[in-house]
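S.K.: Here it is, the structure in full.
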Amino acid sequence: MTSFGALAFVRTRISRKVGVRRVKIGHAGTLDPLATGVLILCTGKKTKEIERLQLDSKEYTATLQLGATTPSYDMEHEVDATYPTSHITREMIERVLTDFVGDIQQVPPSYSACKIGGDRAYALKRKGLEVELKPKTIHIDALELTDFNPELMQMSIRVHCGKGTYIRSLARDIGRALNSGAYLTALCRTRLGSVSLGDCITLDDFPAWLEGVKNEE
C-alpha cells in the first residue's frame with residue numbers, strides 16, 4: 001500500500017464517522033510502497049503541523065542484499081546487474097559505514113516522488129523516459145550495522161537521519177562503496193520525531209479504534 005492509499009483508507013472512515021463528505025487530511029512524510037512503519041497522519045487543524053513534523057529526525061531499520069542492484073534500489077523491480085562479494089567482510093562494512101555519517105551528498109532514486117518540471121520522477125521512468133536527478137545534501141546522525149550474514153551476503157542497519165534521506169539511495173551507495181552492489185529487501189521507519197512504532201495504530205486496528213472515539217463538537 002502507498003502512503004496515499006493509507007491516507008485514503010483513514011480519510012474515508014473518519015469522514016463517515018464525523019459525517020463530513022471529505023475530512024481534511026495529510027501525511028508528514030511518504031513511505032515507499034514496500035516499506036512499513038511510522039506514517040503520521042494529520043487531520044483538520046492539525047494539518048498545519050505537517051511542515052514542522054517533516055523536519056523532525058527519523059529512524060529506520062533496513063536489510064540490504066549485497067552483490068546485486070535493481071533499477072529502484074529495492075524489490076519493486078527485478079535484479080538488473082550482479083557483482084562480486086567474496087571480498088566483503090564485516091570489518092570492511094563497518095569501516096565503509098563511517099563514511100556516510102554526517103553531511104553527505106545523495107542522489108535521490110529515479111523511481112521516487114521527486115519532481116522534474118512538475119512531473120514525478122517515477123512517473124517519467126515508468127513512461128520509459130530518462131531521469132536525471134541532482135545530488136542533495138542530507139544529514140545522517142548515526143548509522144549502525146546490526147547484522148551481517150556472509151553466507152547470504154545480507155546486512156542489516158539502523159539509520160538515524162534527517163529530512164530528505166532516501167534509504168534506498170543509501171543502500172545503493174553502500175553497495176558501491178563496498179566495490180559491489182546492494183538493494184533493499186526490507187525497510188521499516190521505526191520513529192519520526194517523538195512518535196515511535198509503539199505509539200502507532202495499525203491500519204487493521206484503525207476501524208475498531210475509531211469506533212471507540214467519541215465525536216467532539
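Lettering and numbering for the C-alpha cells are positional, with chains as A, B, ... in the shown order, residues counted from 1 in each chain, and ligands counted from 1 in the shown order.
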Please list as a PyMOL selection string every residue within 12 Å of Gly5 in chain A, counting only C-alpha atoms and excluding residues in the same chain fewer than 2 positions away.

M.R.: chain A and resi 1-3+7-12+26-27+30-33+39+41+203

S.K.: Fewer than 3 positions away in the same chain doesn't count, so skip those; otherwise give me all residues within 9 Å of range 133-139 of chain A, counting only C-alpha atoms, as a VMD selection string.

M.R.: chain A and resid 100 to 110 114 116 121 161 to 165

S.K.: Give me a file of those residues, with all heavy atoms, as a compact mmCIF listing (two decimals), in the first residue's frame.

M.R.:
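Just written: out.txt:
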# COMPACT_ATOMS: atom_id res chain seq x y z
N PHE A 100 29.48 7.49 5.79
CA PHE A 100 28.14 8.00 5.49
C PHE A 100 27.51 8.75 6.66
O PHE A 100 26.34 9.14 6.59
CB PHE A 100 27.22 6.84 5.08
CG PHE A 100 27.59 6.23 3.76
CD1 PHE A 100 28.43 5.12 3.71
CD2 PHE A 100 27.13 6.78 2.57
CE1 PHE A 100 28.78 4.56 2.49
CE2 PHE A 100 27.48 6.22 1.36
CZ PHE A 100 28.30 5.11 1.31
N VAL A 101 28.27 8.98 7.71
CA VAL A 101 27.76 9.71 8.88
C VAL A 101 28.13 11.18 8.76
O VAL A 101 29.25 11.53 8.40
CB VAL A 101 28.32 9.12 10.19
CG1 VAL A 101 27.83 9.92 11.40
CG2 VAL A 101 27.93 7.66 10.33
N GLY A 102 27.14 12.05 9.05
CA GLY A 102 27.35 13.50 8.93
C GLY A 102 26.64 14.04 7.70
O GLY A 102 25.67 13.45 7.21
N ASP A 103 27.10 15.19 7.21
CA ASP A 103 26.54 15.77 5.99
C ASP A 103 27.15 15.09 4.77
O ASP A 103 28.37 15.09 4.61
CB ASP A 103 26.84 17.28 5.93
CG ASP A 103 26.04 18.07 6.95
OD1 ASP A 103 24.94 17.62 7.32
OD2 ASP A 103 26.52 19.13 7.38
N ILE A 104 26.31 14.53 3.92
CA ILE A 104 26.78 13.85 2.72
C ILE A 104 25.94 14.26 1.53
O ILE A 104 24.83 14.80 1.69
CB ILE A 104 26.75 12.31 2.87
CG1 ILE A 104 25.31 11.82 3.06
CG2 ILE A 104 27.65 11.85 4.01
CD1 ILE A 104 25.16 10.31 3.00
N GLN A 105 26.45 14.01 0.34
CA GLN A 105 25.71 14.25 -0.88
C GLN A 105 25.01 12.95 -1.31
O GLN A 105 25.61 11.89 -1.30
CB GLN A 105 26.64 14.71 -2.00
CG GLN A 105 27.26 16.09 -1.77
CD GLN A 105 26.22 17.19 -1.89
OE1 GLN A 105 25.63 17.41 -2.94
NE2 GLN A 105 25.99 17.89 -0.79
N GLN A 106 23.72 13.08 -1.67
CA GLN A 106 22.97 11.89 -2.06
C GLN A 106 22.08 12.20 -3.26
O GLN A 106 21.37 13.20 -3.27
CB GLN A 106 22.10 11.39 -0.91
CG GLN A 106 21.37 10.10 -1.20
CD GLN A 106 20.43 9.69 -0.08
OE1 GLN A 106 19.32 10.21 0.03
NE2 GLN A 106 20.88 8.76 0.77
N VAL A 107 22.13 11.34 -4.26
CA VAL A 107 21.25 11.47 -5.43
C VAL A 107 19.99 10.66 -5.16
O VAL A 107 20.08 9.45 -4.91
CB VAL A 107 21.93 10.96 -6.72
CG1 VAL A 107 20.96 11.06 -7.90
CG2 VAL A 107 23.20 11.76 -6.99
N PRO A 108 18.81 11.28 -5.19
CA PRO A 108 17.56 10.53 -4.94
C PRO A 108 17.35 9.44 -5.99
O PRO A 108 17.89 9.53 -7.11
CB PRO A 108 16.48 11.61 -5.04
CG PRO A 108 17.19 12.90 -4.81
CD PRO A 108 18.56 12.71 -5.38
N PRO A 109 16.56 8.42 -5.67
CA PRO A 109 16.27 7.37 -6.66
C PRO A 109 15.47 7.95 -7.83
O PRO A 109 14.64 8.85 -7.64
CB PRO A 109 15.41 6.37 -5.88
CG PRO A 109 15.63 6.69 -4.43
CD PRO A 109 15.93 8.14 -4.37
N SER A 110 15.73 7.45 -9.02
CA SER A 110 14.94 7.91 -10.18
C SER A 110 13.49 7.46 -10.04
O SER A 110 12.58 8.12 -10.54
CB SER A 110 15.56 7.40 -11.48
OG SER A 110 15.76 6.01 -11.43
N CYS A 114 10.27 12.69 -6.30
CA CYS A 114 10.91 13.96 -6.63
C CYS A 114 10.31 14.50 -7.93
O CYS A 114 10.01 13.74 -8.86
CB CYS A 114 12.42 13.79 -6.80
SG CYS A 114 13.29 13.41 -5.27
N ILE A 116 10.32 16.70 -11.44
CA ILE A 116 11.15 17.22 -12.52
C ILE A 116 10.23 17.96 -13.48
O ILE A 116 9.42 17.34 -14.18
CB ILE A 116 11.89 16.09 -13.27
CG1 ILE A 116 12.78 15.30 -12.31
CG2 ILE A 116 12.71 16.65 -14.42
CD1 ILE A 116 13.46 14.12 -12.95
N ALA A 121 9.27 11.93 -10.70
CA ALA A 121 10.34 11.17 -11.36
C ALA A 121 9.90 9.75 -11.69
O ALA A 121 10.18 9.24 -12.78
CB ALA A 121 11.59 11.15 -10.47
N CYS A 161 18.49 9.67 10.80
CA CYS A 161 18.79 10.65 9.75
C CYS A 161 17.81 11.82 9.76
O CYS A 161 16.81 11.83 10.48
CB CYS A 161 18.77 9.97 8.38
SG CYS A 161 17.18 9.19 8.00
N GLY A 162 18.12 12.80 8.93
CA GLY A 162 17.30 13.99 8.80
C GLY A 162 16.40 13.94 7.59
O GLY A 162 16.35 12.95 6.85
N LYS A 163 15.70 15.05 7.35
CA LYS A 163 14.73 15.17 6.25
C LYS A 163 15.41 14.95 4.89
O LYS A 163 16.53 15.36 4.67
CB LYS A 163 14.10 16.56 6.28
CG LYS A 163 13.01 16.80 5.25
CD LYS A 163 12.44 18.20 5.39
CE LYS A 163 11.29 18.43 4.42
NZ LYS A 163 11.71 18.40 3.01
N GLY A 164 14.68 14.29 4.00
CA GLY A 164 15.15 14.15 2.62
C GLY A 164 16.05 12.97 2.37
O GLY A 164 16.51 12.78 1.24
N THR A 165 16.30 12.14 3.38
CA THR A 165 17.18 10.99 3.20
C THR A 165 16.42 9.83 2.58
O THR A 165 15.35 9.45 3.05
CB THR A 165 17.76 10.52 4.55
OG1 THR A 165 18.46 11.61 5.16
CG2 THR A 165 18.72 9.36 4.36

S.K.: Please determine, counting only C-alpha atoms, which residue among A:Lys214, A:Arg189, A:Lys17, A:Arg52 has the shortest atom-to-atom distance to Gly37 in chain A.

M.R.: A:Arg189

S.K.: So the first atom is CA of Leu64 in chain A and the second is CA of His77 in chain A; what is the distance between them in Å, to one decimal place?

M.R.: 14.6 Å

S.K.: Rounded to one decimal in Å, what is the spacing between CA of Thr63 in chain A and CA of Leu34 in chain A?

M.R.: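 So the two atoms, CA of Thr63 in chain A and CA of Leu34 in chain A, lie 12.4 Å apart.
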
S.K.: What are the DSSP alpha helix (DSSP H) residues of range 55-194 of chain A, as a list in words?

M.R.: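 Taking range 55-194 of chain A and keeping alpha helix (DSSP H) only, one gets Arg90, Glu91, Met92, Ile93, Glu94, Arg95, Val96, Leu97, Ala121, Tyr122, Ala123, Leu124, Lys125, Arg126, Ile167, Arg168, Ser169, Leu170, Ala171, Arg172, Asp173, Ile174, Gly175, Arg176 and Ala177 of chain A.
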
S.K.: I need the residues of range 76-110 of chain A that end up classed as strand (DSSP E or B) by DSSP on the backbone, written out as a CSV table (one decimal) with all heavy atoms, in the first residue's frame.

M.R.:
chain,number,residue,atom,x,y,z
A,81,ALA,N,21.7,-6.3,-12.4
A,81,ALA,CA,23.1,-6.5,-12.5
A,81,ALA,C,23.6,-7.2,-11.2
A,81,ALA,O,23.0,-7.0,-10.2
A,81,ALA,CB,23.8,-5.2,-12.7
A,82,THR,N,24.6,-8.0,-11.4
A,82,THR,CA,25.2,-8.7,-10.2
A,82,THR,C,26.7,-8.3,-10.1
A,82,THR,O,27.3,-8.0,-11.1
A,82,THR,CB,25.1,-10.2,-10.3
A,82,THR,OG1,25.7,-10.7,-11.5
A,82,THR,CG2,23.6,-10.6,-10.3
A,102,GLY,N,27.1,12.1,9.1
A,102,GLY,CA,27.4,13.5,8.9
A,102,GLY,C,26.6,14.0,7.7
A,102,GLY,O,25.7,13.5,7.2
A,103,ASP,N,27.1,15.2,7.2
A,103,ASP,CA,26.5,15.8,6.0
A,103,ASP,C,27.2,15.1,4.8
A,103,ASP,O,28.4,15.1,4.6
A,103,ASP,CB,26.8,17.3,5.9
A,103,ASP,CG,26.0,18.1,6.9
A,103,ASP,OD1,24.9,17.6,7.3
A,103,ASP,OD2,26.5,19.1,7.4
A,104,ILE,N,26.3,14.5,3.9
A,104,ILE,CA,26.8,13.8,2.7
A,104,ILE,C,25.9,14.3,1.5
A,104,ILE,O,24.8,14.8,1.7
A,104,ILE,CB,26.8,12.3,2.9
A,104,ILE,CG1,25.3,11.8,3.1
A,104,ILE,CG2,27.6,11.8,4.0
A,104,ILE,CD1,25.2,10.3,3.0
A,105,GLN,N,26.4,14.0,0.3
A,105,GLN,CA,25.7,14.3,-0.9
A,105,GLN,C,25.0,13.0,-1.3
A,105,GLN,O,25.6,11.9,-1.3
A,105,GLN,CB,26.6,14.7,-2.0
A,105,GLN,CG,27.3,16.1,-1.8
A,105,GLN,CD,26.2,17.2,-1.9
A,105,GLN,OE1,25.6,17.4,-2.9
A,105,GLN,NE2,26.0,17.9,-0.8
A,106,GLN,N,23.7,13.1,-1.7
A,106,GLN,CA,23.0,11.9,-2.1
A,106,GLN,C,22.1,12.2,-3.3
A,106,GLN,O,21.4,13.2,-3.3
A,106,GLN,CB,22.1,11.4,-0.9
A,106,GLN,CG,21.4,10.1,-1.2
A,106,GLN,CD,20.4,9.7,-0.1
A,106,GLN,OE1,19.3,10.2,0.0
A,106,GLN,NE2,20.9,8.8,0.8
